[in-house]
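Visitor: Below is entry-v2.pdb; it holds PDB, C-alpha atoms and all ligand atoms.
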```pdb
MODEL        1
ATOM      1  CA  ALA A 121     -45.073  13.188 -14.774
ATOM      2  CA  CYS A 122     -46.726   9.800 -15.086
ATOM      3  CA  SER A 123     -47.796  10.820 -18.592
ATOM      4  CA  SER A 124     -50.021   8.592 -20.666
ATOM      5  CA  GLY A 125     -46.899   7.266 -22.446
ATOM      6  CA  SER A 126     -44.596   8.615 -25.179
ATOM      7  CA  GLY A 127     -46.163  10.090 -28.349
ATOM      8  CA  SER A 128     -45.930   7.030 -30.578
ATOM      9  CA  ASP A 129     -47.750   4.796 -28.085
ATOM     10  CA  GLU A 130     -50.369   7.429 -27.178
ATOM     11  CA  GLY A 131     -53.620   5.646 -26.456
ATOM     12  CA  SER A 132     -52.334   2.289 -27.707
ATOM     13  CA  GLY A 133     -52.501   0.942 -24.132
ATOM     14  CA  ASP A 134     -49.025  -0.593 -24.234
ATOM     15  CA  GLU A 135     -47.438   2.632 -22.951
ATOM     16  CA  LEU A 136     -43.739   2.481 -22.047
ATOM     17  CA  ILE A 137     -42.598   3.765 -18.672
ATOM     18  CA  SER A 138     -39.964   6.435 -19.380
ATOM     19  CA  VAL A 139     -37.071   6.061 -16.918
ATOM     20  CA  GLY A 140     -34.062   8.338 -16.455
ATOM     21  CA  PHE A 141     -31.204   6.321 -14.873
ATOM     22  CA  SER A 142     -28.072   8.164 -13.646
ATOM     23  CA  GLN A 143     -25.296   5.576 -13.163
ATOM     24  CA  LEU A 144     -22.280   6.891 -11.263
ATOM     25  CA  GLY A 145     -19.561   5.466 -13.475
ATOM     26  CA  ALA A 146     -17.817   2.358 -14.815
ATOM     27  CA  GLU A 147     -15.087   2.282 -12.162
ATOM     28  CA  SER A 148     -15.172  -1.396 -11.208
ATOM     29  CA  GLY A 149     -16.236  -4.879 -12.214
ATOM     30  CA  TRP A 150     -19.103  -4.482  -9.778
ATOM     31  CA  ARG A 151     -20.341  -1.336 -11.511
ATOM     32  CA  THR A 152     -20.203  -2.805 -15.025
ATOM     33  CA  ALA A 153     -22.065  -5.925 -13.831
ATOM     34  CA  ASN A 154     -24.657  -3.653 -12.206
ATOM     35  CA  THR A 155     -25.019  -1.590 -15.398
ATOM     36  CA  GLU A 156     -25.442  -4.763 -17.502
ATOM     37  CA  SER A 157     -28.135  -5.974 -15.107
ATOM     38  CA  VAL A 158     -30.033  -2.661 -15.196
ATOM     39  CA  GLN A 159     -29.899  -2.433 -18.986
ATOM     40  CA  ALA A 160     -30.930  -6.076 -19.386
ATOM     41  CA  SER A 161     -33.976  -5.497 -17.154
ATOM     42  CA  LEU A 162     -35.213  -2.049 -18.222
ATOM     43  CA  THR A 163     -35.838  -3.035 -21.857
ATOM     44  CA  GLU A 164     -38.569  -1.911 -24.246
ATOM     45  CA  GLU A 165     -39.902  -5.490 -24.312
ATOM     46  CA  ALA A 166     -40.250  -5.261 -20.530
ATOM     47  CA  GLY A 167     -42.214  -1.996 -20.937
ATOM     48  CA  PHE A 168     -39.533   0.660 -20.380
ATOM     49  CA  ASP A 169     -38.137   3.587 -22.363
ATOM     50  CA  LEU A 170     -34.721   3.879 -20.633
ATOM     51  CA  THR A 171     -32.403   6.867 -20.810
ATOM     52  CA  PHE A 172     -29.148   5.660 -19.209
ATOM     53  CA  VAL A 173     -26.355   8.164 -18.431
ATOM     54  CA  ASP A 174     -22.866   7.305 -17.052
ATOM     55  CA  ALA A 175     -21.331  10.078 -14.900
ATOM     56  CA  GLN A 176     -17.677   8.900 -14.887
ATOM     57  CA  GLN A 177     -17.721   9.134 -11.046
ATOM     58  CA  LYS A 178     -18.375  12.913 -11.139
ATOM     59  CA  GLN A 179     -21.195  14.297  -8.977
ATOM     60  CA  GLU A 180     -21.666  17.314 -11.268
ATOM     61  CA  ASN A 181     -22.350  14.959 -14.194
ATOM     62  CA  GLN A 182     -24.983  13.131 -12.154
ATOM     63  CA  ILE A 183     -26.691  16.393 -11.155
ATOM     64  CA  LYS A 184     -26.742  17.476 -14.814
ATOM     65  CA  ALA A 185     -28.243  14.119 -15.866
ATOM     66  CA  LEU A 186     -30.919  14.370 -13.164
ATOM     67  CA  ARG A 187     -31.839  17.886 -14.340
ATOM     68  CA  ASP A 188     -32.023  16.632 -17.944
ATOM     69  CA  PHE A 189     -34.438  13.899 -16.803
ATOM     70  CA  ILE A 190     -36.619  16.572 -15.164
ATOM     71  CA  ALA A 191     -36.578  18.583 -18.415
ATOM     72  CA  GLN A 192     -37.542  15.413 -20.343
ATOM     73  CA  ASP A 193     -40.344  14.924 -17.789
ATOM     74  CA  VAL A 194     -39.634  11.189 -17.480
ATOM     75  CA  ASP A 195     -42.089   9.053 -15.514
ATOM     76  CA  VAL A 196     -39.513   7.781 -12.979
ATOM     77  CA  ILE A 197     -35.927   8.748 -12.067
ATOM     78  CA  ALA A 198     -33.439   6.238 -10.631
ATOM     79  CA  PHE A 199     -29.853   6.894  -9.564
ATOM     80  CA  SER A 200     -26.883   5.562  -7.632
ATOM     81  CA  PRO A 201     -25.224   8.584  -5.944
ATOM     82  CA  VAL A 202     -21.420   8.642  -6.194
ATOM     83  CA  ILE A 203     -21.179  10.215  -2.705
ATOM     84  CA  GLU A 204     -23.762  10.643   0.084
ATOM     85  CA  THR A 205     -23.995  14.450   0.260
ATOM     86  CA  GLY A 206     -24.631  17.412  -2.092
ATOM     87  CA  TRP A 207     -27.993  16.276  -3.502
ATOM     88  CA  ASP A 208     -30.478  18.413  -1.524
ATOM     89  CA  GLU A 209     -31.127  20.996  -4.253
ATOM     90  CA  VAL A 210     -31.600  18.568  -7.147
ATOM     91  CA  ILE A 211     -33.721  16.192  -5.029
ATOM     92  CA  GLU A 212     -35.974  19.174  -4.188
ATOM     93  CA  GLU A 213     -36.231  19.935  -7.923
ATOM     94  CA  ILE A 214     -37.211  16.307  -8.644
ATOM     95  CA  LYS A 215     -39.877  16.507  -5.918
ATOM     96  CA  ASP A 216     -41.173  19.845  -7.286
ATOM     97  CA  ALA A 217     -41.474  18.183 -10.718
ATOM     98  CA  GLU A 218     -43.500  15.400  -9.028
ATOM     99  CA  ILE A 219     -41.277  12.704 -10.547
ATOM    100  CA  PRO A 220     -40.877   9.680  -8.231
ATOM    101  CA  LEU A 221     -37.253   8.920  -7.315
ATOM    102  CA  VAL A 222     -35.888   5.378  -6.845
ATOM    103  CA  LEU A 223     -32.504   5.192  -5.111
ATOM    104  CA  VAL A 224     -30.238   2.348  -6.304
ATOM    105  CA  ASP A 225     -27.156   0.887  -4.593
ATOM    106  CA  ARG A 226     -25.394   3.856  -2.908
ATOM    107  CA  THR A 227     -27.128   5.906  -0.211
ATOM    108  CA  VAL A 228     -27.803   9.639   0.267
ATOM    109  CA  ASP A 229     -27.454  11.845   3.351
ATOM    110  CA  THR A 230     -30.012  14.625   2.751
ATOM    111  CA  THR A 231     -32.149  17.053   4.748
ATOM    112  CA  VAL A 232     -34.933  16.853   2.160
ATOM    113  CA  GLU A 233     -38.177  15.482   3.656
ATOM    114  CA  ASP A 234     -39.153  12.079   2.187
ATOM    115  CA  PRO A 235     -36.486  12.345  -0.600
ATOM    116  CA  TYR A 236     -37.172   9.093  -2.472
ATOM    117  CA  VAL A 237     -39.870   6.428  -2.834
ATOM    118  CA  THR A 238     -37.612   3.437  -2.156
ATOM    119  CA  TRP A 239     -33.919   2.380  -1.920
ATOM    120  CA  ILE A 240     -32.591  -0.957  -3.202
ATOM    121  CA  GLY A 241     -29.049  -1.945  -2.255
ATOM    122  CA  ALA A 242     -26.722  -3.873   0.010
ATOM    123  CA  ASP A 243     -26.146  -3.538   3.755
ATOM    124  CA  PHE A 244     -22.683  -1.983   3.508
ATOM    125  CA  LYS A 245     -22.144  -1.810   7.277
ATOM    126  CA  GLN A 246     -22.876  -5.524   7.612
ATOM    127  CA  GLU A 247     -20.425  -6.263   4.792
ATOM    128  CA  GLY A 248     -17.733  -4.406   6.773
ATOM    129  CA  ILE A 249     -18.670  -6.286   9.951
ATOM    130  CA  THR A 250     -18.514  -9.659   8.128
ATOM    131  CA  ALA A 251     -15.044  -8.827   6.792
ATOM    132  CA  GLY A 252     -13.944  -7.665  10.253
ATOM    133  CA  GLU A 253     -15.219 -10.823  11.942
ATOM    134  CA  TRP A 254     -13.176 -12.999   9.568
ATOM    135  CA  VAL A 255     -10.026 -10.963  10.329
ATOM    136  CA  LYS A 256     -10.633 -11.104  14.088
ATOM    137  CA  GLU A 257     -11.104 -14.877  13.871
ATOM    138  CA  ASN A 258      -8.342 -15.738  11.393
ATOM    139  CA  ALA A 259      -5.704 -13.011  11.785
ATOM    140  CA  PRO A 260      -6.259 -11.502  15.238
ATOM    141  CA  ASP A 261      -2.776  -9.950  15.469
ATOM    142  CA  ALA A 262      -2.709  -8.630  11.911
ATOM    143  CA  LYS A 263      -1.239  -5.212  11.152
ATOM    144  CA  ILE A 264      -4.022  -3.968   8.910
ATOM    145  CA  PHE A 265      -3.901  -1.410   6.110
ATOM    146  CA  GLU A 266      -7.410  -0.261   5.091
ATOM    147  CA  LEU A 267      -7.892   0.557   1.405
ATOM    148  CA  GLN A 268     -10.927   2.835   1.338
ATOM    149  CA  GLY A 269     -13.403   3.297  -1.515
ATOM    150  CA  THR A 270     -14.530   6.670  -2.903
ATOM    151  CA  MET A 271     -14.356   8.987   0.130
ATOM    152  CA  GLY A 272     -17.803  10.077   1.270
ATOM    153  CA  SER A 273     -19.641   7.335  -0.623
ATOM    154  CA  GLY A 274     -22.132   5.310   1.394
ATOM    155  CA  ALA A 275     -20.204   2.122   0.588
ATOM    156  CA  GLN A 276     -16.917   3.571   1.938
ATOM    157  CA  VAL A 277     -18.419   5.201   5.043
ATOM    158  CA  ASP A 278     -20.459   2.189   6.142
ATOM    159  CA  ARG A 279     -17.952  -0.552   5.272
ATOM    160  CA  GLU A 280     -15.269   1.298   7.214
ATOM    161  CA  GLU A 281     -17.586   1.840  10.201
ATOM    162  CA  GLY A 282     -18.562  -1.837  10.272
ATOM    163  CA  PHE A 283     -15.041  -3.208   9.825
ATOM    164  CA  ASP A 284     -13.339  -0.833  12.278
ATOM    165  CA  SER A 285     -15.987  -1.485  14.938
ATOM    166  CA  VAL A 286     -15.023  -5.187  14.883
ATOM    167  CA  VAL A 287     -11.222  -5.224  14.452
ATOM    168  CA  GLY A 288     -10.451  -2.219  16.657
ATOM    169  CA  GLU A 289      -8.666   0.919  15.429
ATOM    170  CA  GLU A 290      -5.469  -0.097  17.290
ATOM    171  CA  ASN A 291      -4.930  -2.913  14.751
ATOM    172  CA  ILE A 292      -5.180  -0.571  11.760
ATOM    173  CA  VAL A 293      -1.742   0.836  10.893
ATOM    174  CA  GLY A 294      -2.972   3.117   8.118
ATOM    175  CA  LYS A 295      -5.767   4.031   5.670
ATOM    176  CA  ALA A 296      -5.904   5.547   2.192
ATOM    177  CA  SER A 297      -8.475   5.763  -0.596
ATOM    178  CA  GLY A 298      -8.160   3.926  -3.901
ATOM    179  CA  ASN A 299     -11.471   5.385  -5.135
ATOM    180  CA  PHE A 300     -12.811   1.869  -5.888
ATOM    181  CA  THR A 301     -10.522   1.529  -8.923
ATOM    182  CA  ARG A 302      -7.762  -1.038  -9.611
ATOM    183  CA  ALA A 303      -5.169   1.569 -10.682
ATOM    184  CA  GLU A 304      -5.710   3.876  -7.708
ATOM    185  CA  GLY A 305      -5.788   0.885  -5.374
ATOM    186  CA  LYS A 306      -2.401  -0.244  -6.706
ATOM    187  CA  ALA A 307      -0.923   3.261  -6.255
ATOM    188  CA  ALA A 308      -2.270   3.537  -2.694
ATOM    189  CA  VAL A 309      -0.755   0.157  -1.724
ATOM    190  CA  GLU A 310       2.625   0.979  -3.322
ATOM    191  CA  ALA A 311       2.739   4.010  -1.000
ATOM    192  CA  ALA A 312       1.389   2.028   1.977
ATOM    193  CA  LEU A 313       4.086  -0.665   1.723
ATOM    194  CA  GLN A 314       6.671   2.126   2.028
ATOM    195  CA  ALA A 315       4.894   3.975   4.843
ATOM    196  CA  TYR A 316       3.742   0.899   6.804
ATOM    197  CA  PRO A 317       6.246  -1.936   6.091
ATOM    198  CA  GLU A 318       4.776  -3.920   9.012
ATOM    199  CA  THR A 319       1.504  -4.342   7.080
ATOM    200  CA  ASN A 320       0.535  -8.027   6.794
ATOM    201  CA  LEU A 321      -3.165  -7.704   5.942
ATOM    202  CA  ILE A 322      -5.017  -5.392   3.562
ATOM    203  CA  PHE A 323      -8.773  -4.807   3.870
ATOM    204  CA  ALA A 324      -9.938  -3.416   0.507
ATOM    205  CA  HIS A 325     -13.445  -1.920   0.267
ATOM    206  CA  ASN A 326     -13.829  -3.595  -3.145
ATOM    207  CA  ASP A 327     -12.273  -6.392  -5.245
ATOM    208  CA  ASP A 328     -10.885  -4.052  -7.895
ATOM    209  CA  MET A 329      -8.680  -2.195  -5.401
ATOM    210  CA  GLY A 330      -7.679  -5.590  -3.961
ATOM    211  CA  LEU A 331      -6.558  -6.647  -7.456
ATOM    212  CA  GLY A 332      -4.467  -3.471  -7.625
ATOM    213  CA  ALA A 333      -3.009  -4.382  -4.220
ATOM    214  CA  ILE A 334      -1.929  -7.788  -5.604
ATOM    215  CA  GLU A 335       0.064  -6.025  -8.332
ATOM    216  CA  ALA A 336       1.734  -3.702  -5.796
ATOM    217  CA  ILE A 337       2.539  -6.551  -3.377
ATOM    218  CA  GLU A 338       4.075  -8.706  -6.125
ATOM    219  CA  ALA A 339       6.066  -5.717  -7.429
ATOM    220  CA  ALA A 340       7.483  -5.408  -3.901
ATOM    221  CA  GLY A 341       8.647  -9.053  -4.095
ATOM    222  CA  LYS A 342       6.057 -10.297  -1.581
ATOM    223  CA  VAL A 343       3.432 -13.027  -1.921
ATOM    224  CA  PRO A 344      -0.208 -11.808  -1.828
ATOM    225  CA  GLY A 345      -2.463 -14.038   0.291
ATOM    226  CA  VAL A 346       0.587 -15.299   2.215
ATOM    227  CA  ASP A 347       3.044 -12.525   3.229
ATOM    228  CA  ILE A 348       0.202 -10.021   3.061
ATOM    229  CA  LYS A 349      -3.351 -11.353   3.372
ATOM    230  CA  ILE A 350      -6.108  -9.616   1.411
ATOM    231  CA  VAL A 351      -9.772  -9.314   2.447
ATOM    232  CA  THR A 352     -12.180  -7.670   0.008
ATOM    233  CA  ILE A 353     -15.847  -6.946  -0.718
ATOM    234  CA  ASP A 354     -17.798  -7.470  -3.974
ATOM    235  CA  GLY A 355     -17.326 -11.045  -5.202
ATOM    236  CA  VAL A 356     -16.953 -10.166  -8.888
ATOM    237  CA  HIS A 357     -15.431 -12.781 -11.195
ATOM    238  CA  ASP A 358     -11.834 -11.478 -11.089
ATOM    239  CA  GLY A 359     -12.005 -11.197  -7.303
ATOM    240  CA  LEU A 360     -13.190 -14.782  -6.854
ATOM    241  CA  GLN A 361     -10.535 -15.917  -9.364
ATOM    242  CA  ALA A 362      -7.940 -14.274  -7.073
ATOM    243  CA  LEU A 363      -9.481 -16.194  -4.143
ATOM    244  CA  LEU A 364      -9.210 -19.441  -6.134
ATOM    245  CA  ASP A 365      -5.580 -18.555  -6.911
ATOM    246  CA  GLY A 366      -4.853 -18.028  -3.192
ATOM    247  CA  LYS A 367      -4.088 -14.299  -3.626
ATOM    248  CA  PHE A 368      -7.260 -13.157  -1.795
ATOM    249  CA  ASN A 369      -8.072 -14.790   1.546
ATOM    250  CA  TYR A 370     -11.725 -13.780   2.114
ATOM    251  CA  VAL A 371     -14.314 -12.157  -0.183
ATOM    252  CA  VAL A 372     -17.617 -10.735   1.032
ATOM    253  CA  GLU A 373     -20.129 -10.682  -1.813
ATOM    254  CA  CYS A 374     -22.085  -7.564  -2.731
ATOM    255  CA  ASN A 375     -24.492  -8.706  -5.410
ATOM    256  CA  PRO A 376     -24.718  -6.211  -8.335
ATOM    257  CA  VAL A 377     -27.260  -8.237 -10.341
ATOM    258  CA  PHE A 378     -30.526  -6.756  -9.121
ATOM    259  CA  GLY A 379     -31.814  -5.045 -12.271
ATOM    260  CA  ASP A 380     -34.944  -7.203 -12.040
ATOM    261  CA  GLN A 381     -35.700  -5.841  -8.560
ATOM    262  CA  ILE A 382     -35.209  -2.283  -9.836
ATOM    263  CA  ALA A 383     -37.571  -2.945 -12.770
ATOM    264  CA  ASP A 384     -40.180  -4.391 -10.417
ATOM    265  CA  ALA A 385     -39.920  -1.410  -8.061
ATOM    266  CA  ILE A 386     -40.264   1.085 -10.937
ATOM    267  CA  LYS A 387     -43.401  -0.688 -12.236
ATOM    268  CA  LYS A 388     -44.906  -0.529  -8.751
ATOM    269  CA  VAL A 389     -43.940   3.157  -8.370
ATOM    270  CA  TYR A 390     -45.512   3.942 -11.768
ATOM    271  CA  ALA A 391     -48.692   2.102 -10.759
ATOM    272  CA  GLY A 392     -48.780   4.097  -7.528
ATOM    273  CA  GLU A 393     -48.462   0.934  -5.413
ATOM    274  CA  GLU A 394     -47.036   0.954  -1.890
ATOM    275  CA  LEU A 395     -43.308   0.054  -1.664
ATOM    276  CA  PRO A 396     -41.035  -0.715   1.300
ATOM    277  CA  LYS A 397     -38.692   2.202   2.110
ATOM    278  CA  GLU A 398     -35.758  -0.109   1.479
ATOM    279  CA  THR A 399     -34.985  -3.512  -0.054
ATOM    280  CA  ILE A 400     -31.718  -5.165   1.007
ATOM    281  CA  VAL A 401     -29.966  -7.185  -1.708
ATOM    282  CA  VAL A 402     -28.790 -10.432  -0.097
ATOM    283  CA  ASP A 403     -25.023 -11.087   0.186
ATOM    284  CA  GLN A 404     -22.898 -14.120   1.060
ATOM    285  CA  ALA A 405     -19.142 -14.516   1.786
ATOM    286  CA  PHE A 406     -16.393 -16.804   0.455
ATOM    287  CA  GLU A 407     -13.363 -18.283   2.244
ATOM    288  CA  SER A 408     -12.778 -20.492  -0.774
ATOM    289  CA  ILE A 409     -14.368 -21.327  -4.114
ATOM    290  CA  THR A 410     -14.032 -24.182  -6.621
ATOM    291  CA  GLN A 411     -13.461 -23.663 -10.348
ATOM    292  CA  GLU A 412     -16.917 -25.176 -10.989
ATOM    293  CA  GLU A 413     -18.583 -22.730  -8.559
ATOM    294  CA  LEU A 414     -16.694 -19.824 -10.151
ATOM    295  CA  ASP A 415     -17.650 -20.879 -13.681
ATOM    296  CA  ALA A 416     -21.313 -21.176 -12.671
ATOM    297  CA  ARG A 417     -21.608 -17.614 -11.316
ATOM    298  CA  LEU A 418     -23.687 -14.945 -13.078
ATOM    299  CA  TYR A 419     -21.002 -12.214 -12.880
TER     300      TYR A 419
HETATM  301  C1  LIG B   1     -21.445  -1.369  -3.695
HETATM  302  C2  LIG B   1     -21.038  -0.407  -4.785
HETATM  303  C3  LIG B   1     -19.550  -0.250  -4.806
HETATM  304  C4  LIG B   1     -18.802  -1.542  -5.098
HETATM  305  C5  LIG B   1     -17.643  -1.021  -5.867
HETATM  306  O1  LIG B   1     -22.822  -1.583  -3.725
HETATM  307  O2  LIG B   1     -21.610   0.882  -4.585
HETATM  308  O3  LIG B   1     -19.222   0.665  -5.853
HETATM  309  O4  LIG B   1     -18.423  -2.232  -3.944
HETATM  310  C6  LIG B   1     -18.298   0.019  -6.739
HETATM  311  O5  LIG B   1     -16.972  -1.999  -6.642
HETATM  312  O6  LIG B   1     -17.377   0.933  -7.226
ENDMDL
END
```
Written as structure tokens, that's how I'd like the structure from this file.

Guide:
Amino acid sequence: ACSSGSGSDEGSGDELISVGFSQLGAESGWRTANTESVQASLTEEAGFDLTFVDAQQKQENQIKALRDFIAQDVDVIAFSPVIETGWDEVIEEIKDAEIPLVLVDRTVDTTVEDPYVTWIGADFKQEGITAGEWVKENAPDAKIFELQGTMGSGAQVDREEGFDSVVGEENIVGKASGNFTRAEGKAAVEAALQAYPETNLIFAHNDDMGLGAIEAIEAAGKVPGVDIKIVTIDGVHDGLQALLDGKFNYVVECNPVFGDQIADAIKKVYAGEELPKETIVVDQAFESITQEELDARLY
């Protein structure tokens, strides 16, 4: 599949690397920042012919996009899987087509031997542990409601495992999924405040659901960040603005701006160079932030 370049550049030496990228959706500020970073890095000037497809958070749309990339015989396929399972068949087809696969962001749980060349993303379990350690330190007696991301996604599974392992299940009064979106996060918290009125801390698997929680808490006549503390993961602009406004109490960053690392990995894959099996995108965490720091951030 590493053809000698698309027709127009045949033999001109400045061949473009054709890349099929299946993005899972546009569900959150994190995702749109990640998409912007990928599209800003995989440009024609940088040597790429990018086909970018958004799956609106539907696995069947991603599988269709991956099959289209095989039919197009692209040089490299990259994708961020919406959930961990259900990819065995299409990953086998990509292997049979001898198209190298680069996994981005979310993880897969597959029985396929050697399914991808490399994975670039964040350490989701560590993010959950970091959030849990802050809660244990700063709100040890909290009655916690856990607002889960898309059920079965690597980010939800691992963040939950990390967080719960630190705070202890006995301190978690209830859990529900907000599917990583603001609207579904708000709806889940409206229901949670009815079902678990003792809740005084919400751990949201991403900022966008935490922003939905703020709306639900205020609608219930309570003060977010005070009556009900909020701990989130991502560190997108709106999330850090909520931290500055005192409505979030702790934000663990999950950096979405790694399009340059994806571009670098794809060039190495195309050149047949050795690559590490995984590259962890570095995160930090915020208990507070100044307006200057917020204004200076990339996303
Ligand atoms: C994390 C990424 C998650 C973000 C959410 O790397 O997969 O998906 O935390 C996004 O905002 O929906």

Visitor: Mind giving me the straight-line distance from atom CA of Val224 of chain A to atom CA of Lys245 of chain A in Å, one decimal?

Guide: 16.3 Å

Visitor: Let me make sure I understand: among A:Glu398, A:Glu393, A:Asp225, A:Glu204, which one has the smallest atom-to-atom distance to Pro376 of chain A if we use only C-alpha atoms?

Guide: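 Answer, going by the shortest atom-to-atom distance: A:Asp225.
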
Visitor: Counting all atoms listed in the file, name the residues that have an atom within 6 Å of an atom of ligand LIG 1 (chain B); the answer should be given as JSON, numbers by chain.

Guide: {"A": [147, 148, 150, 151, 225, 226, 242, 275, 300, 326, 354]}

Visitor: Excluding Gly305 of chain A and its own-chain neighbours fewer than 6 positions away, which residues fall within 7 Å of it when counting only C-alpha atoms? Please give them as a VMD selection string.

Guide: chain A and resid 298 329 to 330 332 to 333

Visitor: Let me make sure I understand: among A:Ala339, A:Ile386, A:Val139, A:Ala311, which one has the smallest atom-to-atom distance to Phe189 of chain A if we use all atoms listed in the file?

Guide: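 For Phe189 of chain A, the nearest of the given residues is A:Val139.
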
Visitor: As a check of understanding, name the residues that the PyMOL selection byres (((chain A and resi 396) around 10) and not hetatm) selects in the supplied structure, as a ChimeraX atom specification.

Guide: /A:237-240,385,394-395,397-399

Visitor: Smallest atom-to-atom distance to Tyr390 of chain A: which of A:Pro220, A:Val210, A:Gln176, A:Gly167, using only C-alpha atoms?

Guide: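 Distance minimum relative to Tyr390 of chain A lands on A:Pro220.
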
Visitor: Which is closer to Phe406 of chain A than all the others in A:Val389, A:Gly355, A:Gly366, A:Val277, using only C-alpha atoms?

Guide: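 The closest residue to Phe406 of chain A is A:Gly355.
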
Visitor: What gap, in Å, lies between atom CA of Asn375 of chain A and atom CA of Gln182 of chain A?

Guide: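 Atom CA of Asn375 of chain A sits 22.9 Å away from atom CA of Gln182 of chain A.
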
Visitor: Kindly provide the residues of segment 274-382 of chain A that approach segment 262-265 of chain A to within 7 Å, each paired with its closest atom pair and their distance in Å to one decimal, based on all atoms listed in the file, listed by chain and increasing number, as a Markdown table.

Guide:
```
| residue | atom | partner | partner_atom | distance |
| --- | --- | --- | --- | --- |
| A:Asn291 | CA | A:Lys263 | CA | 5.6 |
| A:Ile292 | CA | A:Ile264 | CA | 4.6 |
| A:Val293 | CA | A:Ile264 | CA | 5.7 |
| A:Gly294 | CA | A:Phe265 | CA | 5.0 |
| A:Lys295 | CA | A:Phe265 | CA | 5.8 |
| A:Glu318 | CA | A:Lys263 | CA | 6.5 |
| A:Thr319 | CA | A:Lys263 | CA | 5.0 |
| A:Asn320 | CA | A:Lys263 | CA | 5.5 |
| A:Leu321 | CA | A:Ile264 | CA | 4.8 |
| A:Ile322 | CA | A:Phe265 | CA | 4.9 |
| A:Phe323 | CA | A:Phe265 | CA | 6.3 |
```

Visitor: Using the chain letters and numbers from the file, give me the residues hit by the PyMOL selection byres (((chain A and resi 352) around 10) and not hetatm), as a PyMOL selection string.

Guide: chain A and resi 247-248+251+267+322-331+350-351+353-355+359-360+363+368-373+405

Visitor: Just how far from atom CA of Leu221 of chain A is atom CA of Ala166 of chain A, in Å to one decimal?

Guide: 19.6 Å

Visitor: Spell out the residues picked by the PyMOL selection byres (((chain A and resi 203) around 10) and not hetatm) here, as a VMD selection string.

Guide: chain A and resid 144 177 to 179 200 to 202 204 to 207 226 to 229 270 to 277
